[in-house]
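Asks: What follows is query17.tsv; its format and atoms are TSV, C-alpha atoms.
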```
chain	number	residue	atom	x	y	z
Y	1	MET	CA	28.49	-43.22	31.81
Y	2	ASP	CA	27.34	-40.93	29.05
Y	3	PRO	CA	24.92	-38.30	30.37
Y	4	THR	CA	22.24	-36.82	28.16
Y	5	LEU	CA	21.93	-33.07	27.68
Y	6	ASP	CA	18.90	-33.08	29.99
Y	7	GLU	CA	20.89	-34.98	32.63
Y	8	LEU	CA	23.63	-32.34	32.51
Y	9	ALA	CA	20.91	-29.73	33.05
Y	10	GLY	CA	19.40	-31.81	35.86
Y	11	ALA	CA	22.69	-31.93	37.73
Y	12	ILE	CA	23.07	-28.16	37.43
Y	13	ASP	CA	19.45	-27.57	38.41
Y	14	LEU	CA	20.16	-29.08	41.84
Y	15	PHE	CA	22.48	-26.16	42.61
Y	16	GLY	CA	21.10	-23.29	40.51
Y	17	GLY	CA	24.44	-23.12	38.72
Y	18	LEU	CA	27.77	-24.93	38.57
Y	19	SER	CA	31.15	-24.23	37.07
Y	20	ARG	CA	32.23	-26.60	34.31
Y	21	GLU	CA	34.84	-28.05	36.68
Y	22	GLU	CA	32.25	-28.72	39.39
Y	23	LEU	CA	29.95	-30.39	36.87
Y	24	VAL	CA	32.73	-32.59	35.49
Y	25	ARG	CA	33.92	-33.52	38.99
Y	26	GLY	CA	30.36	-34.40	40.01
Y	27	PHE	CA	29.93	-36.74	37.05
Y	28	GLU	CA	33.36	-38.28	37.72
Y	29	ASP	CA	32.30	-38.97	41.30
Y	30	ILE	CA	28.88	-40.47	40.55
Y	31	SER	CA	30.42	-42.53	37.76
Y	32	ALA	CA	33.04	-43.90	40.15
Y	33	ARG	CA	30.39	-44.64	42.78
Y	34	MET	CA	28.47	-46.67	40.22
Y	35	GLY	CA	31.62	-48.55	39.20
Y	36	ASP	CA	31.43	-46.97	35.77
Y	37	HIS	CA	33.92	-44.97	33.75
Y	38	ILE	CA	33.37	-41.55	32.25
Y	39	ASP	CA	35.51	-40.16	29.47
Y	40	ILE	CA	36.27	-36.57	30.52
Y	41	GLU	CA	36.98	-35.46	26.96
Y	42	VAL	CA	33.63	-36.83	25.78
Y	43	LEU	CA	31.90	-35.24	28.78
Y	44	ASN	CA	33.40	-31.85	27.94
Y	45	LEU	CA	32.24	-32.24	24.33
Y	46	ARG	CA	28.76	-33.08	25.63
Y	47	ILE	CA	28.81	-29.94	27.80
Y	48	ASP	CA	29.83	-27.89	24.74
Y	49	GLU	CA	26.94	-29.45	22.81
Y	50	ALA	CA	24.52	-28.59	25.64
Y	51	ILE	CA	25.67	-24.97	25.53
Y	52	GLU	CA	25.46	-24.84	21.74
Y	53	LYS	CA	21.91	-26.24	21.77
Y	54	TYR	CA	20.72	-23.97	24.63
Y	55	TYR	CA	20.33	-26.77	27.18
Y	56	LEU	CA	22.87	-24.87	29.26
Y	57	VAL	CA	23.67	-21.17	29.38
Y	58	GLU	CA	27.06	-19.74	30.30
Y	59	MET	CA	27.17	-16.85	32.73
Y	60	ALA	CA	30.50	-15.32	31.84
Y	61	SER	CA	30.68	-12.92	34.77
Y	62	ARG	CA	30.47	-15.76	37.30
Y	63	GLU	CA	31.90	-18.59	35.20
Y	64	LEU	CA	28.80	-20.63	35.89
Y	65	LEU	CA	26.58	-22.82	33.78
Y	66	VAL	CA	22.83	-22.61	34.37
Y	67	VAL	CA	19.89	-24.51	32.94
Y	68	GLY	CA	18.89	-23.18	29.53
Y	69	PRO	CA	15.60	-22.84	27.68
Y	70	ALA	CA	15.82	-26.04	25.64
Y	71	ALA	CA	16.39	-28.30	28.65
Y	72	LEU	CA	13.96	-30.58	30.41
Y	73	PRO	CA	16.20	-31.26	33.43
Y	74	GLU	CA	16.32	-34.78	34.78
Y	75	LEU	CA	18.66	-36.33	37.29
Y	76	PRO	CA	21.23	-38.75	35.93
Y	77	GLU	CA	21.48	-42.19	37.47
Y	78	GLY	CA	23.12	-41.66	40.85
Y	79	GLY	CA	22.35	-37.94	40.67
Y	80	GLU	CA	20.68	-37.92	44.06
Y	81	ASP	CA	24.21	-38.16	45.52
Y	82	LEU	CA	25.46	-35.00	43.78
Y	83	PRO	CA	24.71	-32.67	46.72
Y	84	HIS	CA	27.00	-34.87	48.85
Y	85	LEU	CA	29.71	-34.94	46.17
Y	86	ILE	CA	29.74	-31.34	44.96
Y	87	LEU	CA	30.09	-29.35	48.12
Y	88	VAL	CA	28.39	-26.10	47.13
Y	89	GLY	CA	25.08	-24.75	48.30
Y	90	MET	CA	22.19	-23.56	46.20
Y	91	ARG	CA	23.39	-20.58	44.21
Y	92	GLU	CA	21.38	-17.44	43.66
Y	93	ILE	CA	21.22	-16.77	39.93
Y	94	ASP	CA	20.55	-13.31	38.55
Y	95	MET	CA	18.04	-14.14	35.83
Y	96	GLU	CA	18.39	-10.67	34.32
Y	97	GLU	CA	22.06	-11.44	33.73
Y	98	VAL	CA	21.14	-14.81	32.22
Y	99	GLU	CA	18.60	-13.12	29.95
Y	100	LYS	CA	21.15	-10.52	28.86
Y	101	SER	CA	23.73	-13.21	28.11
Y	102	VAL	CA	21.25	-15.28	26.08
Y	103	ARG	CA	19.94	-12.23	24.21
Y	104	GLU	CA	23.49	-11.19	23.23
Y	105	ARG	CA	24.38	-14.69	22.13
Y	106	ILE	CA	21.26	-15.31	20.07
Y	107	GLY	CA	21.62	-11.85	18.52
Y	108	ARG	CA	25.14	-12.73	17.32
Y	109	GLU	CA	24.01	-16.11	16.03
Y	110	VAL	CA	21.08	-14.59	14.15
Y	111	GLU	CA	23.41	-12.19	12.33
Y	112	ILE	CA	25.68	-15.07	11.32
Y	113	VAL	CA	22.91	-17.34	9.99
Y	114	ILE	CA	21.26	-14.44	8.16
Y	115	SER	CA	24.53	-13.56	6.46
Y	116	LYS	CA	24.95	-17.23	5.48
Y	117	LYS	CA	21.29	-17.49	4.42
Y	118	ASP	CA	21.18	-20.77	6.34
Y	119	ARG	CA	17.46	-21.55	6.55
Y	120	ASN	CA	17.95	-24.67	8.70
Y	121	GLN	CA	19.88	-22.71	11.32
Y	122	MET	CA	17.30	-19.93	11.14
Y	123	GLU	CA	14.59	-22.47	11.93
Y	124	SER	CA	16.65	-23.81	14.84
Y	125	LEU	CA	17.11	-20.31	16.24
Y	126	LEU	CA	13.42	-19.62	15.77
Y	127	ASP	CA	12.71	-22.68	17.93
Y	128	VAL	CA	15.10	-21.29	20.54
Y	129	CYS	CA	13.17	-18.01	20.48
Y	130	TYR	CA	9.95	-19.87	21.26
Y	131	ASP	CA	11.75	-21.73	24.06
Y	132	LEU	CA	13.03	-18.44	25.48
Y	133	GLU	CA	9.55	-16.96	25.50
Y	134	MET	CA	8.19	-19.99	27.37
Y	135	TRP	CA	11.24	-20.48	29.62
Y	136	MET	CA	11.41	-17.14	31.30
Y	137	GLY	CA	8.89	-14.96	29.52
Y	138	MET	CA	11.76	-13.37	27.64
Y	139	ASN	CA	10.61	-10.94	24.97
Y	140	VAL	CA	12.48	-11.89	21.81
Y	141	GLU	CA	9.74	-10.85	19.43
Y	142	ASP	CA	12.15	-8.52	17.58
Y	143	ILE	CA	14.61	-11.35	16.98
Y	144	ARG	CA	11.87	-13.80	16.06
Y	145	LYS	CA	10.28	-11.40	13.56
Y	146	ARG	CA	13.65	-10.68	11.97
Y	147	LEU	CA	14.28	-14.39	11.50
Y	148	GLU	CA	10.81	-14.94	10.07
Y	149	GLU	CA	11.23	-12.06	7.60
Y	150	LYS	CA	14.61	-13.35	6.42
Y	151	MET	CA	13.27	-16.88	6.09
Y	152	ASP	CA	10.40	-15.56	3.97
Y	153	GLN	CA	12.87	-13.65	1.78
Y	154	ILE	CA	14.96	-16.77	1.26
Y	155	THR	CA	11.83	-18.82	0.43
Y	156	ASP	CA	10.52	-16.10	-1.93
Y	157	GLY	CA	13.93	-15.86	-3.59
Y	158	GLU	CA	13.93	-19.61	-4.27
Y	159	LYS	CA	10.62	-19.50	-6.15
```
Starting from the coordinates I provided, produce the structure as structure tokens.
Replies:
Amino acid sequence: MDPTLDELAGAIDLFGGLSREELVRGFEDISARMGDHIDIEVLNLRIDEAIEKYYLVEMASRELLVVGPAALPELPEGGEDLPHLILVGMREIDMEEVEKSVRERIGREVEIVISKKDRNQMESLLDVCYDLEMWMGMNVEDIRKRLEEKMDQITDGEK
């Protein structure tokens, strides 16, 4: 079993938020139920990728993962059994805390890609900004404009 990034988000969406350990255990259990094998190391790398690409967001204060702005959550095969396998209820998620965490993270990443003058990464972060605005109405206009200005400067400097 090799879940997609959207399937990781779908599993988390059932509960509002899960710890990494709960998510891994849930995929181990549904994999075993299906008579399949899941490589835990690969699964953890996939979770890292989901976080990196904003499919999942880490809430440091609660050590939970929640669905991120880039995700289109879908249940993995066998996912309907997850509520019976991961014995936690629906978790209340403080969306203001999620927004703060995402804003801090994207702010740090913007500074890094601007210092590197990495236009491709700037474009990726610009896409994330649009996702954030659609996802939870998050106002990231300041970050978006800064990226756009720096991208224009890089483009103008190349001419």
Asks: Can you tell me which residues surround Ser101 in chain Y at a distance of at most 9 Å, considering all atoms listed in the file, apart from same-chain residues fewer than 5 positions away, and format the answer as a list of chain:residue names?
Replies: Y:Val57, Y:Glu58, Y:Met59, Y:Ala60, Y:Glu96, Y:Ile106
Asks: Considering only C-alpha atoms, give me a table of residues in range 92-141 of chain Y that are at most 12 Å from range 12-30 of chain Y, with the closest atom pair and distance in Å for each, as a Markdown table.
Replies:
```
| residue | atom | partner | partner_atom | distance |
| --- | --- | --- | --- | --- |
| Y:Glu92 | CA | Y:Gly16 | CA | 6.7 |
| Y:Ile93 | CA | Y:Gly16 | CA | 6.5 |
| Y:Asp94 | CA | Y:Gly16 | CA | 10.2 |
| Y:Met95 | CA | Y:Gly16 | CA | 10.7 |
| Y:Val98 | CA | Y:Gly17 | CA | 11.1 |
```
Asks: Those selected residues, please, written with C-alpha atoms and delivered as a PDB file, in the coordinates of the input.
Replies:
```pdb
ATOM      1  CA  GLU Y  92      21.380 -17.440  43.660  1.00  0.00           C
ATOM      2  CA  ILE Y  93      21.220 -16.770  39.930  1.00  0.00           C
ATOM      3  CA  ASP Y  94      20.550 -13.310  38.550  1.00  0.00           C
ATOM      4  CA  MET Y  95      18.040 -14.140  35.830  1.00  0.00           C
ATOM      5  CA  VAL Y  98      21.140 -14.810  32.220  1.00  0.00           C
TER       6      VAL Y  98
END
```
Asks: Residues within 12 Å of Ala50 in chain Y, please, as a PyMOL selection string. Count all atoms listed in the file; anything in the same chain fewer than 2 positions from it doesn't count.
Replies: chain Y and resi 3-10+12+20+43-48+52-58+65-73
Asks: Output C-alpha atoms of each residue in that selection to a file, as a short mmCIF file (atom, residue, chain, number, x, y, z; two decimals), in the frame of the given file.
Replies:
```cif
data_model
loop_
_atom_site.label_atom_id
_atom_site.label_comp_id
_atom_site.auth_asym_id
_atom_site.auth_seq_id
_atom_site.Cartn_x
_atom_site.Cartn_y
_atom_site.Cartn_z
CA PRO Y 3 24.92 -38.30 30.37
CA THR Y 4 22.24 -36.82 28.16
CA LEU Y 5 21.93 -33.07 27.68
CA ASP Y 6 18.90 -33.08 29.99
CA GLU Y 7 20.89 -34.98 32.63
CA LEU Y 8 23.63 -32.34 32.51
CA ALA Y 9 20.91 -29.73 33.05
CA GLY Y 10 19.40 -31.81 35.86
CA ILE Y 12 23.07 -28.16 37.43
CA ARG Y 20 32.23 -26.60 34.31
CA LEU Y 43 31.90 -35.24 28.78
CA ASN Y 44 33.40 -31.85 27.94
CA LEU Y 45 32.24 -32.24 24.33
CA ARG Y 46 28.76 -33.08 25.63
CA ILE Y 47 28.81 -29.94 27.80
CA ASP Y 48 29.83 -27.89 24.74
CA GLU Y 52 25.46 -24.84 21.74
CA LYS Y 53 21.91 -26.24 21.77
CA TYR Y 54 20.72 -23.97 24.63
CA TYR Y 55 20.33 -26.77 27.18
CA LEU Y 56 22.87 -24.87 29.26
CA VAL Y 57 23.67 -21.17 29.38
CA GLU Y 58 27.06 -19.74 30.30
CA LEU Y 65 26.58 -22.82 33.78
CA VAL Y 66 22.83 -22.61 34.37
CA VAL Y 67 19.89 -24.51 32.94
CA GLY Y 68 18.89 -23.18 29.53
CA PRO Y 69 15.60 -22.84 27.68
CA ALA Y 70 15.82 -26.04 25.64
CA ALA Y 71 16.39 -28.30 28.65
CA LEU Y 72 13.96 -30.58 30.41
CA PRO Y 73 16.20 -31.26 33.43
#
```
Asks: Name all residues at most 12 Å from Ile112 in chain Y (count all atoms listed in the file; drop same-chain ones fewer than 4 positions away) and give them as a list in words.
Replies: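 Here the answer would be Arg105, Ile106, Gly107, Arg108, Lys116, Lys117, Asp118, Arg119, Gln121, Met122, Leu125 and Leu147 of chain Y.
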Asks: For the residues in that selection, give me C-alpha atoms as a CSV table (one decimal), in the coordinates of the input.
Replies:
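The resulting again.csv:
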```csv
chain,number,residue,atom,x,y,z
Y,105,ARG,CA,24.4,-14.7,22.1
Y,106,ILE,CA,21.3,-15.3,20.1
Y,107,GLY,CA,21.6,-11.8,18.5
Y,108,ARG,CA,25.1,-12.7,17.3
Y,116,LYS,CA,25.0,-17.2,5.5
Y,117,LYS,CA,21.3,-17.5,4.4
Y,118,ASP,CA,21.2,-20.8,6.3
Y,119,ARG,CA,17.5,-21.6,6.6
Y,121,GLN,CA,19.9,-22.7,11.3
Y,122,MET,CA,17.3,-19.9,11.1
Y,125,LEU,CA,17.1,-20.3,16.2
Y,147,LEU,CA,14.3,-14.4,11.5
```
Asks: Quick one: pull the distance between CA of Ala11 in chain Y and CA of Arg91 in chain Y, Å, one decimal.
Replies: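 Separating CA of Ala11 in chain Y from CA of Arg91 in chain Y is a distance of 13.1 Å.
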Asks: What does the structure give for the distance between CA of Asp36 in chain Y and CA of Asp81 in chain Y, in Å to one decimal?
Replies: 15.0 Å
Asks: Distance CA of Val128 in chain Y-CA of Val110 in chain Y, one decimal place?
Replies: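 These atoms are spaced 11.0 Å apart.
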Asks: Which of these, Y:Glu63, Y:Arg103, Y:Lys150, Y:Ile51, has the shortest distance to Glu133 in chain Y once you count all atoms listed in the file?
Replies: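 When distances to Glu133 in chain Y are compared using all atoms listed in the file, the smallest one comes from Y:Arg103.
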Asks: When distances are computed from all atoms listed in the file, which of Y:Arg33, Y:Glu109, Y:Gln153, Y:Asp142 shows the smallest separation from His84 in chain Y?
Replies: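 Under the stated criterion, the closest residue is Y:Arg33.
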